Amino acid sequence: MRLRNVPGAREAIAEHSMTFTEPEKNKGQWKEIFGNDRPIRIEIGMGKGNFIIQMAQENPEINYIGIEKYSSVLIRALEKCEELELDNLKFIRMDAEYICDVFEKDEVDRIYLNFSDPWPKDRHAKRRLTSRQFLGRYDQILKPDGIIEFKTDNDQLFEFSLEEIPEANWKLVDSTWDLHNNEELCKGNIMTEYEAKFSAMGNPIHKLIANR
């Protein structure tokens, strides 16, 4: 997918009170930044922010951090927050590869991965956000009882993810190849922009939950 450049997006993000462009300076200090001791949950590759903004609105007792590397996409999430007063939501512009430079051990309660880039070529497998390399990174920042939740409509990426879980010494808690027809796993489901689009096209949505 080709992303349209948004003039001034990088500068606007850098100046916005909800965003952090040098997040490594805040490693281990996120509870102080939020000003409370509530759980911290992050979404990696949050796109235009529909999912994490709604999560923050519906769960004021939880702190959320949305992570997105593209300024042209992140700026859209900030625009959606203009009329909202959300003190439990922050944004980081960064590449997920450096996640361990930003969060301390046991600092994160839960990680959401929604419709991540499938990186279809085999030589790019380690770039997939559900690869054993990324699962190793999550292991360093998640609390011992922390979990990841992953959604996609991509069959190959989902099958790859199911195979990577045990290879990375993680455990599969639950999974489904058809989320919207799984009454239990679909409870409280919040759709992302891509989820709404792909579901409307008739694509089944896949989901897995994993822990260590």
# chains A, B, ... in the order shown; residues from 1 in each chain; ligands from 1
>>> select_by_dssp(residues="range 4-191 of chain A", states="strand (DSSP E)", output="MDAnalysis selection string")
chainID A and resid 19:20 40:44 63:68 89:93 108:114 142:152 171:176
>>> residues_around(residues="Ile40 in chain A", least_positions_apart="2", cutoff="12 Å", atoms="only C-alpha atoms", output="JSON list (two decimals) with all heavy atoms, in the first residue's frame")
[["chain", "number", "residue", "atom", "x", "y", "z"],
["A", 28, "GLY", "N", 10.79, 3.08, 31.17],
["A", 28, "GLY", "CA", 10.63, 2.83, 32.60],
["A", 28, "GLY", "C", 9.87, 3.92, 33.34],
["A", 28, "GLY", "O", 9.69, 3.82, 34.55],
["A", 29, "GLN", "N", 9.40, 4.93, 32.62],
["A", 29, "GLN", "CA", 8.76, 6.07, 33.27],
["A", 29, "GLN", "C", 7.33, 6.31, 32.79],
["A", 29, "GLN", "O", 6.76, 7.37, 33.05],
["A", 29, "GLN", "CB", 9.58, 7.34, 33.02],
["A", 29, "GLN", "CG", 11.00, 7.25, 33.53],
["A", 29, "GLN", "CD", 11.83, 8.46, 33.14],
["A", 29, "GLN", "OE1", 11.31, 9.48, 32.70],
["A", 29, "GLN", "NE2", 13.13, 8.36, 33.32],
["A", 30, "TRP", "N", 6.75, 5.35, 32.10],
["A", 30, "TRP", "CA", 5.44, 5.59, 31.50],
["A", 30, "TRP", "C", 4.33, 5.76, 32.53],
["A", 30, "TRP", "O", 3.38, 6.51, 32.32],
["A", 30, "TRP", "CB", 5.11, 4.49, 30.50],
["A", 30, "TRP", "CG", 6.01, 4.58, 29.30],
["A", 30, "TRP", "CD1", 7.09, 3.80, 29.01],
["A", 30, "TRP", "CD2", 5.93, 5.55, 28.25],
["A", 30, "TRP", "NE1", 7.69, 4.21, 27.85],
["A", 30, "TRP", "CE2", 7.01, 5.28, 27.35],
["A", 30, "TRP", "CE3", 5.07, 6.61, 27.97],
["A", 30, "TRP", "CZ2", 7.24, 6.05, 26.21],
["A", 30, "TRP", "CZ3", 5.29, 7.37, 26.83],
["A", 30, "TRP", "CH2", 6.36, 7.09, 25.96],
["A", 31, "LYS", "N", 4.43, 5.10, 33.65],
["A", 31, "LYS", "CA", 3.42, 5.30, 34.70],
["A", 31, "LYS", "C", 3.48, 6.73, 35.23],
["A", 31, "LYS", "O", 2.44, 7.34, 35.52],
["A", 31, "LYS", "CB", 3.62, 4.29, 35.84],
["A", 31, "LYS", "CG", 3.21, 2.86, 35.48],
["A", 31, "LYS", "CD", 3.24, 1.96, 36.68],
["A", 31, "LYS", "CE", 2.88, 0.52, 36.31],
["A", 31, "LYS", "NZ", 1.51, 0.38, 35.80],
["A", 32, "GLU", "N", 4.69, 7.27, 35.34],
["A", 32, "GLU", "CA", 4.83, 8.66, 35.78],
["A", 32, "GLU", "C", 4.26, 9.62, 34.74],
["A", 32, "GLU", "O", 3.66, 10.64, 35.09],
["A", 32, "GLU", "CB", 6.32, 8.98, 36.03],
["A", 32, "GLU", "CG", 6.89, 8.35, 37.30],
["A", 32, "GLU", "CD", 7.21, 6.88, 37.15],
["A", 32, "GLU", "OE1", 7.15, 6.35, 36.02],
["A", 32, "GLU", "OE2", 7.52, 6.23, 38.18],
["A", 33, "ILE", "N", 4.44, 9.29, 33.48],
["A", 33, "ILE", "CA", 3.91, 10.15, 32.42],
["A", 33, "ILE", "C", 2.39, 10.19, 32.46],
["A", 33, "ILE", "O", 1.78, 11.25, 32.31],
["A", 33, "ILE", "CB", 4.42, 9.66, 31.04],
["A", 33, "ILE", "CG1", 5.90, 10.00, 30.91],
["A", 33, "ILE", "CG2", 3.61, 10.29, 29.91],
["A", 33, "ILE", "CD1", 6.57, 9.39, 29.72],
["A", 34, "PHE", "N", 1.78, 9.03, 32.70],
["A", 34, "PHE", "CA", 0.31, 9.00, 32.81],
["A", 34, "PHE", "C", -0.16, 9.53, 34.16],
["A", 34, "PHE", "O", -1.32, 9.93, 34.30],
["A", 34, "PHE", "CB", -0.19, 7.57, 32.61],
["A", 34, "PHE", "CG", -0.26, 7.13, 31.17],
["A", 34, "PHE", "CD1", 0.66, 6.25, 30.65],
["A", 34, "PHE", "CD2", -1.26, 7.62, 30.33],
["A", 34, "PHE", "CE1", 0.60, 5.84, 29.33],
["A", 34, "PHE", "CE2", -1.34, 7.21, 29.01],
["A", 34, "PHE", "CZ", -0.39, 6.33, 28.50],
["A", 35, "GLY", "N", 0.73, 9.52, 35.14],
["A", 35, "GLY", "CA", 0.39, 10.04, 36.45],
["A", 35, "GLY", "C", -0.44, 9.11, 37.30],
["A", 35, "GLY", "O", -1.15, 9.53, 38.22],
["A", 36, "ASN", "N", -0.34, 7.80, 37.02],
["A", 36, "ASN", "CA", -1.09, 6.82, 37.82],
["A", 36, "ASN", "C", -0.43, 5.45, 37.68],
["A", 36, "ASN", "O", 0.55, 5.29, 36.95],
["A", 36, "ASN", "CB", -2.56, 6.77, 37.38],
["A", 36, "ASN", "CG", -2.72, 6.45, 35.90],
["A", 36, "ASN", "OD1", -2.28, 5.41, 35.42],
["A", 36, "ASN", "ND2", -3.33, 7.37, 35.16],
["A", 37, "ASP", "N", -0.98, 4.47, 38.38],
["A", 37, "ASP", "CA", -0.42, 3.13, 38.41],
["A", 37, "ASP", "C", -1.27, 2.13, 37.64],
["A", 37, "ASP", "O", -1.23, 0.93, 37.91],
["A", 37, "ASP", "CB", -0.26, 2.68, 39.87],
["A", 37, "ASP", "CG", 0.74, 1.53, 40.02],
["A", 37, "ASP", "OD1", 1.77, 1.57, 39.33],
["A", 37, "ASP", "OD2", 0.46, 0.59, 40.79],
["A", 38, "ARG", "N", -2.05, 2.61, 36.69],
["A", 38, "ARG", "CA", -2.94, 1.74, 35.93],
["A", 38, "ARG", "C", -2.16, 0.89, 34.91],
["A", 38, "ARG", "O", -1.05, 1.25, 34.52],
["A", 38, "ARG", "CB", -3.98, 2.58, 35.21],
["A", 38, "ARG", "CG", -4.89, 3.38, 36.14],
["A", 38, "ARG", "CD", -5.69, 4.40, 35.37],
["A", 38, "ARG", "NE", -6.50, 5.24, 36.26],
["A", 38, "ARG", "CZ", -7.04, 6.40, 35.89],
["A", 38, "ARG", "NH1", -6.86, 6.86, 34.66],
["A", 38, "ARG", "NH2", -7.75, 7.10, 36.76],
["A", 42, "ILE", "N", -0.44, -1.51, 24.77],
["A", 42, "ILE", "CA", 0.04, -0.85, 23.57],
["A", 42, "ILE", "C", -0.50, -1.54, 22.32],
["A", 42, "ILE", "O", -0.76, -2.74, 22.31],
["A", 42, "ILE", "CB", 1.58, -0.81, 23.52],
["A", 42, "ILE", "CG1", 2.18, -2.22, 23.39],
["A", 42, "ILE", "CG2", 2.14, -0.13, 24.77],
["A", 42, "ILE", "CD1", 3.70, -2.23, 23.25],
["A", 43, "GLU", "N", -0.69, -0.73, 21.28],
["A", 43, "GLU", "CA", -1.03, -1.27, 19.96],
["A", 43, "GLU", "C", 0.12, -0.92, 19.03],
["A", 43, "GLU", "O", 0.47, 0.24, 18.88],
["A", 43, "GLU", "CB", -2.34, -0.69, 19.43],
["A", 43, "GLU", "CG", -2.70, -1.28, 18.07],
["A", 43, "GLU", "CD", -3.93, -0.67, 17.42],
["A", 43, "GLU", "OE1", -4.45, 0.35, 17.94],
["A", 43, "GLU", "OE2", -4.38, -1.19, 16.38],
["A", 56, "ALA", "N", -9.54, 3.35, 24.48],
["A", 56, "ALA", "CA", -9.28, 4.34, 25.53],
["A", 56, "ALA", "C", -10.56, 4.98, 26.03],
["A", 56, "ALA", "O", -10.72, 5.25, 27.22],
["A", 56, "ALA", "CB", -8.32, 5.40, 25.00],
["A", 59, "ASN", "N", -12.44, 2.27, 28.19],
["A", 59, "ASN", "CA", -11.74, 1.73, 29.36],
["A", 59, "ASN", "C", -10.87, 2.80, 30.01],
["A", 59, "ASN", "O", -9.63, 2.74, 29.94],
["A", 59, "ASN", "CB", -10.87, 0.54, 28.93],
["A", 59, "ASN", "CG", -11.68, -0.56, 28.25],
["A", 59, "ASN", "OD1", -12.37, -1.33, 28.91],
["A", 59, "ASN", "ND2", -11.59, -0.62, 26.93],
["A", 60, "PRO", "N", -11.47, 3.79, 30.67],
["A", 60, "PRO", "CA", -10.69, 4.88, 31.27],
["A", 60, "PRO", "C", -9.77, 4.43, 32.40],
["A", 60, "PRO", "O", -8.86, 5.18, 32.78],
["A", 60, "PRO", "CB", -11.78, 5.83, 31.79],
["A", 60, "PRO", "CG", -12.99, 4.97, 31.98],
["A", 60, "PRO", "CD", -12.92, 3.96, 30.87],
["A", 61, "GLU", "N", -9.96, 3.21, 32.90],
["A", 61, "GLU", "CA", -9.12, 2.70, 33.98],
["A", 61, "GLU", "C", -7.84, 2.05, 33.46],
["A", 61, "GLU", "O", -7.03, 1.54, 34.24],
["A", 61, "GLU", "CB", -9.91, 1.68, 34.81],
["A", 61, "GLU", "CG", -10.12, 0.32, 34.17],
["A", 61, "GLU", "CD", -11.17, 0.29, 33.05],
["A", 61, "GLU", "OE1", -11.80, 1.33, 32.77],
["A", 61, "GLU", "OE2", -11.37, -0.81, 32.47],
["A", 62, "ILE", "N", -7.63, 2.09, 32.15],
["A", 62, "ILE", "CA", -6.44, 1.51, 31.52],
["A", 62, "ILE", "C", -5.75, 2.58, 30.68],
["A", 62, "ILE", "O", -6.40, 3.39, 30.04],
["A", 62, "ILE", "CB", -6.83, 0.30, 30.63],
["A", 62, "ILE", "CG1", -7.44, -0.82, 31.49],
["A", 62, "ILE", "CG2", -5.61, -0.23, 29.87],
["A", 62, "ILE", "CD1", -8.04, -1.95, 30.70],
["A", 63, "ASN", "N", -4.42, 2.57, 30.70],
["A", 63, "ASN", "CA", -3.63, 3.49, 29.88],
["A", 63, "ASN", "C", -3.25, 2.83, 28.57],
["A", 63, "ASN", "O", -2.86, 1.65, 28.56],
["A", 63, "ASN", "CB", -2.35, 3.92, 30.62],
["A", 63, "ASN", "CG", -2.66, 4.72, 31.87],
["A", 63, "ASN", "OD1", -3.56, 5.55, 31.88],
["A", 63, "ASN", "ND2", -1.89, 4.49, 32.93],
["A", 64, "TYR", "N", -3.33, 3.58, 27.48],
["A", 64, "TYR", "CA", -3.04, 3.05, 26.15],
["A", 64, "TYR", "C", -1.96, 3.88, 25.45],
["A", 64, "TYR", "O", -1.92, 5.10, 25.58],
["A", 64, "TYR", "CB", -4.30, 3.04, 25.29],
["A", 64, "TYR", "CG", -5.35, 2.06, 25.76],
["A", 64, "TYR", "CD1", -6.34, 2.47, 26.65],
["A", 64, "TYR", "CD2", -5.35, 0.74, 25.34],
["A", 64, "TYR", "CE1", -7.31, 1.59, 27.10],
["A", 64, "TYR", "CE2", -6.31, -0.15, 25.78],
["A", 64, "TYR", "CZ", -7.29, 0.27, 26.66],
["A", 64, "TYR", "OH", -8.24, -0.61, 27.11],
["A", 65, "ILE", "N", -1.12, 3.17, 24.71],
["A", 65, "ILE", "CA", -0.11, 3.83, 23.89],
["A", 65, "ILE", "C", -0.19, 3.24, 22.48],
["A", 65, "ILE", "O", -0.03, 2.03, 22.30],
["A", 65, "ILE", "CB", 1.31, 3.64, 24.45],
["A", 65, "ILE", "CG1", 1.41, 4.23, 25.86],
["A", 65, "ILE", "CG2", 2.34, 4.31, 23.52],
["A", 65, "ILE", "CD1", 2.76, 3.98, 26.53],
["A", 66, "GLY", "N", -0.44, 4.09, 21.51],
["A", 66, "GLY", "CA", -0.48, 3.67, 20.12],
["A", 66, "GLY", "C", 0.86, 3.92, 19.45],
["A", 66, "GLY", "O", 1.42, 5.01, 19.58],
["A", 88, "ASN", "N", -5.84, 9.05, 29.09],
["A", 88, "ASN", "CA", -5.28, 7.71, 29.19],
["A", 88, "ASN", "C", -4.77, 7.20, 27.84],
["A", 88, "ASN", "O", -4.65, 5.99, 27.62],
["A", 88, "ASN", "CB", -6.32, 6.73, 29.75],
["A", 88, "ASN", "CG", -7.52, 6.56, 28.82],
["A", 88, "ASN", "OD1", -7.89, 7.48, 28.09],
["A", 88, "ASN", "ND2", -8.14, 5.39, 28.85],
["A", 89, "LEU", "N", -4.44, 8.12, 26.93],
["A", 89, "LEU", "CA", -3.97, 7.73, 25.60],
["A", 89, "LEU", "C", -2.79, 8.59, 25.17],
["A", 89, "LEU", "O", -2.85, 9.83, 25.24],
["A", 89, "LEU", "CB", -5.11, 7.85, 24.58],
["A", 89, "LEU", "CG", -4.77, 7.55, 23.12],
["A", 89, "LEU", "CD1", -4.27, 6.12, 22.95],
["A", 89, "LEU", "CD2", -6.00, 7.80, 22.23],
["A", 90, "LYS", "N", -1.72, 7.92, 24.73],
["A", 90, "LYS", "CA", -0.55, 8.60, 24.18],
["A", 90, "LYS", "C", -0.17, 7.91, 22.87],
["A", 90, "LYS", "O", -0.59, 6.79, 22.59],
["A", 90, "LYS", "CB", 0.65, 8.52, 25.15],
["A", 90, "LYS", "CG", 0.37, 9.05, 26.55],
["A", 90, "LYS", "CD", 0.09, 10.54, 26.58],
["A", 90, "LYS", "CE", -0.13, 11.03, 28.01],
["A", 90, "LYS", "NZ", -0.54, 12.46, 28.04],
["A", 103, "PHE", "N", 10.42, 0.55, 26.30],
["A", 103, "PHE", "CA", 9.71, 0.02, 27.46],
["A", 103, "PHE", "C", 10.64, -0.86, 28.29],
["A", 103, "PHE", "O", 11.42, -1.64, 27.77],
["A", 103, "PHE", "CB", 8.48, -0.79, 27.03],
["A", 103, "PHE", "CG", 7.44, 0.04, 26.34],
["A", 103, "PHE", "CD1", 7.34, 0.04, 24.96],
["A", 103, "PHE", "CD2", 6.57, 0.85, 27.07],
["A", 103, "PHE", "CE1", 6.39, 0.81, 24.30],
["A", 103, "PHE", "CE2", 5.62, 1.62, 26.43],
["A", 103, "PHE", "CZ", 5.54, 1.61, 25.05],
["A", 104, "GLU", "N", 10.50, -0.72, 29.61],
["A", 104, "GLU", "CA", 11.30, -1.48, 30.55],
["A", 104, "GLU", "C", 10.69, -2.86, 30.75],
["A", 104, "GLU", "O", 9.55, -3.13, 30.36],
["A", 104, "GLU", "CB", 11.36, -0.71, 31.88],
["A", 104, "GLU", "CG", 12.37, -1.22, 32.88],
["A", 104, "GLU", "CD", 13.77, -1.21, 32.33],
["A", 104, "GLU", "OE1", 14.42, -0.16, 32.34],
["A", 104, "GLU", "OE2", 14.21, -2.31, 31.90],
["A", 106, "ASP", "N", 8.67, -5.77, 32.14],
["A", 106, "ASP", "CA", 7.39, -5.85, 32.86],
["A", 106, "ASP", "C", 6.59, -4.54, 32.85],
["A", 106, "ASP", "O", 5.68, -4.37, 33.65],
["A", 106, "ASP", "CB", 7.60, -6.28, 34.32],
["A", 106, "ASP", "CG", 8.29, -7.63, 34.44],
["A", 106, "ASP", "OD1", 8.30, -8.40, 33.45],
["A", 106, "ASP", "OD2", 8.80, -7.93, 35.52],
["A", 107, "GLU", "N", 6.90, -3.63, 31.94],
["A", 107, "GLU", "CA", 6.22, -2.33, 31.94],
["A", 107, "GLU", "C", 4.88, -2.36, 31.20],
["A", 107, "GLU", "O", 4.02, -1.51, 31.42],
["A", 107, "GLU", "CB", 7.13, -1.26, 31.33],
["A", 107, "GLU", "CG", 6.68, 0.16, 31.63],
["A", 107, "GLU", "CD", 7.74, 1.20, 31.28],
["A", 107, "GLU", "OE1", 8.66, 0.90, 30.51],
["A", 107, "GLU", "OE2", 7.64, 2.32, 31.80],
["A", 108, "VAL", "N", 4.69, -3.36, 30.34],
["A", 108, "VAL", "CA", 3.50, -3.43, 29.50],
["A", 108, "VAL", "C", 2.61, -4.60, 29.93],
["A", 108, "VAL", "O", 3.09, -5.69, 30.22],
["A", 108, "VAL", "CB", 3.89, -3.58, 28.01],
["A", 108, "VAL", "CG1", 2.66, -3.75, 27.13],
["A", 108, "VAL", "CG2", 4.70, -2.36, 27.56],
["A", 109, "ASP", "N", 1.32, -4.34, 29.95],
["A", 109, "ASP", "CA", 0.34, -5.32, 30.39],
["A", 109, "ASP", "C", -0.20, -6.18, 29.24],
["A", 109, "ASP", "O", -0.46, -7.36, 29.39],
["A", 109, "ASP", "CB", -0.82, -4.58, 31.08],
["A", 109, "ASP", "CG", -1.97, -5.47, 31.44],
["A", 109, "ASP", "OD1", -1.84, -6.28, 32.36],
["A", 109, "ASP", "OD2", -3.04, -5.35, 30.79],
["A", 110, "ARG", "N", -0.35, -5.54, 28.06],
["A", 110, "ARG", "CA", -0.94, -6.25, 26.91],
["A", 110, "ARG", "C", -0.48, -5.59, 25.62],
["A", 110, "ARG", "O", -0.27, -4.38, 25.57],
["A", 110, "ARG", "CB", -2.46, -6.24, 27.00],
["A", 110, "ARG", "CG", -3.17, -7.08, 25.94],
["A", 110, "ARG", "CD", -4.66, -7.20, 26.23],
["A", 110, "ARG", "NE", -4.90, -7.81, 27.54],
["A", 110, "ARG", "CZ", -6.10, -8.13, 28.00],
["A", 110, "ARG", "NH1", -7.19, -7.89, 27.27],
["A", 110, "ARG", "NH2", -6.24, -8.67, 29.21],
["A", 111, "ILE", "N", -0.36, -6.40, 24.55],
["A", 111, "ILE", "CA", 0.04, -5.88, 23.25],
["A", 111, "ILE", "C", -1.02, -6.28, 22.22],
["A", 111, "ILE", "O", -1.38, -7.46, 22.11],
["A", 111, "ILE", "CB", 1.41, -6.43, 22.82],
["A", 111, "ILE", "CG1", 2.50, -5.95, 23.79],
["A", 111, "ILE", "CG2", 1.75, -5.99, 21.40],
["A", 111, "ILE", "CD1", 3.88, -6.55, 23.51],
["A", 112, "TYR", "N", -1.47, -5.30, 21.47],
["A", 112, "TYR", "CA", -2.42, -5.54, 20.38],
["A", 112, "TYR", "C", -1.69, -5.42, 19.05],
["A", 112, "TYR", "O", -0.98, -4.44, 18.81],
["A", 112, "TYR", "CB", -3.56, -4.53, 20.42],
["A", 112, "TYR", "CG", -4.39, -4.56, 21.68],
["A", 112, "TYR", "CD1", -4.21, -3.60, 22.67],
["A", 112, "TYR", "CD2", -5.37, -5.55, 21.88],
["A", 112, "TYR", "CE1", -4.98, -3.61, 23.82],
["A", 112, "TYR", "CE2", -6.12, -5.57, 23.03],
["A", 112, "TYR", "CZ", -5.94, -4.60, 24.00],
["A", 112, "TYR", "OH", -6.69, -4.62, 25.16],
["A", 141, "ILE", "N", 9.34, -7.00, 27.48],
["A", 141, "ILE", "CA", 8.63, -5.83, 28.02],
["A", 141, "ILE", "C", 7.29, -6.17, 28.68],
["A", 141, "ILE", "O", 6.77, -5.38, 29.45],
["A", 141, "ILE", "CB", 8.40, -4.76, 26.93],
["A", 141, "ILE", "CG1", 7.46, -5.28, 25.83],
["A", 141, "ILE", "CG2", 9.73, -4.32, 26.32],
["A", 141, "ILE", "CD1", 7.07, -4.22, 24.81],
["A", 142, "LEU", "N", 6.76, -7.36, 28.39],
["A", 142, "LEU", "CA", 5.47, -7.76, 28.96],
["A", 142, "LEU", "C", 5.60, -8.27, 30.38],
["A", 142, "LEU", "O", 6.58, -8.93, 30.73],
["A", 142, "LEU", "CB", 4.83, -8.86, 28.11],
["A", 142, "LEU", "CG", 3.93, -8.46, 26.94],
["A", 142, "LEU", "CD1", 3.49, -9.72, 26.20],
["A", 142, "LEU", "CD2", 2.70, -7.68, 27.42],
["A", 143, "LYS", "N", 4.60, -8.00, 31.18],
["A", 143, "LYS", "CA", 4.53, -8.58, 32.51],
["A", 143, "LYS", "C", 4.44, -10.11, 32.39],
["A", 143, "LYS", "O", 4.04, -10.63, 31.34],
["A", 143, "LYS", "CB", 3.30, -8.05, 33.26],
["A", 143, "LYS", "CG", 3.40, -6.59, 33.64],
["A", 143, "LYS", "CD", 2.16, -6.16, 34.42],
["A", 143, "LYS", "CE", 2.28, -4.72, 34.88],
["A", 143, "LYS", "NZ", 1.09, -4.27, 35.65],
["A", 146, "GLY", "N", 1.30, -11.15, 31.04],
["A", 146, "GLY", "CA", 0.87, -10.35, 29.90],
["A", 146, "GLY", "C", 0.53, -11.21, 28.69],
["A", 146, "GLY", "O", 1.01, -12.34, 28.55],
["A", 147, "ILE", "N", -0.27, -10.65, 27.80],
["A", 147, "ILE", "CA", -0.69, -11.39, 26.61],
["A", 147, "ILE", "C", -0.56, -10.52, 25.36],
["A", 147, "ILE", "O", -0.44, -9.30, 25.45],
["A", 147, "ILE", "CB", -2.14, -11.90, 26.72],
["A", 147, "ILE", "CG1", -3.13, -10.71, 26.75],
["A", 147, "ILE", "CG2", -2.33, -12.78, 27.94],
["A", 147, "ILE", "CD1", -4.58, -11.13, 26.68]]
>>> closest_residue(among="A:Asp153, A:Asp101, A:Asp174, A:Glu82", to="Ala196 in chain A", atoms="only C-alpha atoms")
A:Asp153
>>> atom_distance(atom1="CA of Ile44 in chain A", atom2="CA of Ala125 in chain A")
17.1 Å
>>> atom_distance(atom1="CA of Ile209 in chain A", atom2="CA of Glu184 in chain A")
12.6 Å
>>> select_by_dssp(residues="range 22-205 of chain A", states="helix (DSSP H, G or I)", output="count of residues only")
74
>>> atom_distance(atom1="CA of Glu22 in chain A", atom2="CA of Leu78 in chain A")
17.3 Å
>>> closest_residue(among="A:Ala200, A:Leu129, A:Val73, A:Leu208", to="Phe150 in chain A", atoms="only C-alpha atoms")
A:Leu208
>>> residues_around(residues="Glu193 in chain A", least_positions_apart="2", cutoff="8 Å", atoms="only C-alpha atoms", output="mmCIF file with N, CA and C atoms, in the first residue's frame")
data_model
loop_
_atom_site.group_PDB
_atom_site.id
_atom_site.type_symbol
_atom_site.label_atom_id
_atom_site.label_comp_id
_atom_site.auth_asym_id
_atom_site.auth_seq_id
_atom_site.Cartn_x
_atom_site.Cartn_y
_atom_site.Cartn_z
ATOM 1 N N LYS A 48 -4.693 4.561 11.628
ATOM 2 C CA LYS A 48 -5.355 5.839 11.876
ATOM 3 C C LYS A 48 -6.024 5.909 13.243
ATOM 4 N N ASN A 50 -8.458 4.125 14.979
ATOM 5 C CA ASN A 50 -9.843 3.818 15.379
ATOM 6 C C ASN A 50 -9.908 2.887 16.576
ATOM 7 N N PHE A 51 -9.130 1.810 16.520
ATOM 8 C CA PHE A 51 -9.176 0.784 17.557
ATOM 9 C C PHE A 51 -8.738 1.331 18.907
ATOM 10 N N MET A 191 -13.608 -3.071 16.008
ATOM 11 C CA MET A 191 -13.056 -3.231 14.668
ATOM 12 C C MET A 191 -12.119 -2.084 14.297
ATOM 13 N N GLU A 195 -10.317 -3.962 9.436
ATOM 14 C CA GLU A 195 -11.245 -5.039 9.787
ATOM 15 C C GLU A 195 -12.627 -4.775 9.200
ATOM 16 N N ALA A 196 -13.099 -3.538 9.325
ATOM 17 C CA ALA A 196 -14.406 -3.179 8.771
ATOM 18 C C ALA A 196 -14.403 -3.333 7.255
ATOM 19 N N LYS A 197 -13.316 -2.900 6.636
ATOM 20 C CA LYS A 197 -13.208 -2.967 5.176
ATOM 21 C C LYS A 197 -13.186 -4.414 4.685
#
>>> residues_around(residues="His206 in chain A", least_positions_apart="5", cutoff="6 Å", atoms="only C-alpha atoms", output="list in words")
Lys151, Thr152, Asp153, Thr176, Trp177, Asp178 and Leu179 of chain A
>>> closest_residue(among="A:Glu15, A:Glu68, A:Glu167, A:Glu24", to="Phe91 in chain A", atoms="only C-alpha atoms")
A:Glu68
>>> residues_around(residues="range 10-12 of chain A", least_positions_apart="4", cutoff="9 Å", atoms="only C-alpha atoms", output="ChimeraX atom specification")
/A:6,16,70-72,75
>>> residues_around(residues="Thr130 in chain A", least_positions_apart="2", cutoff="10 Å", atoms="only C-alpha atoms", output="count of residues only")
24
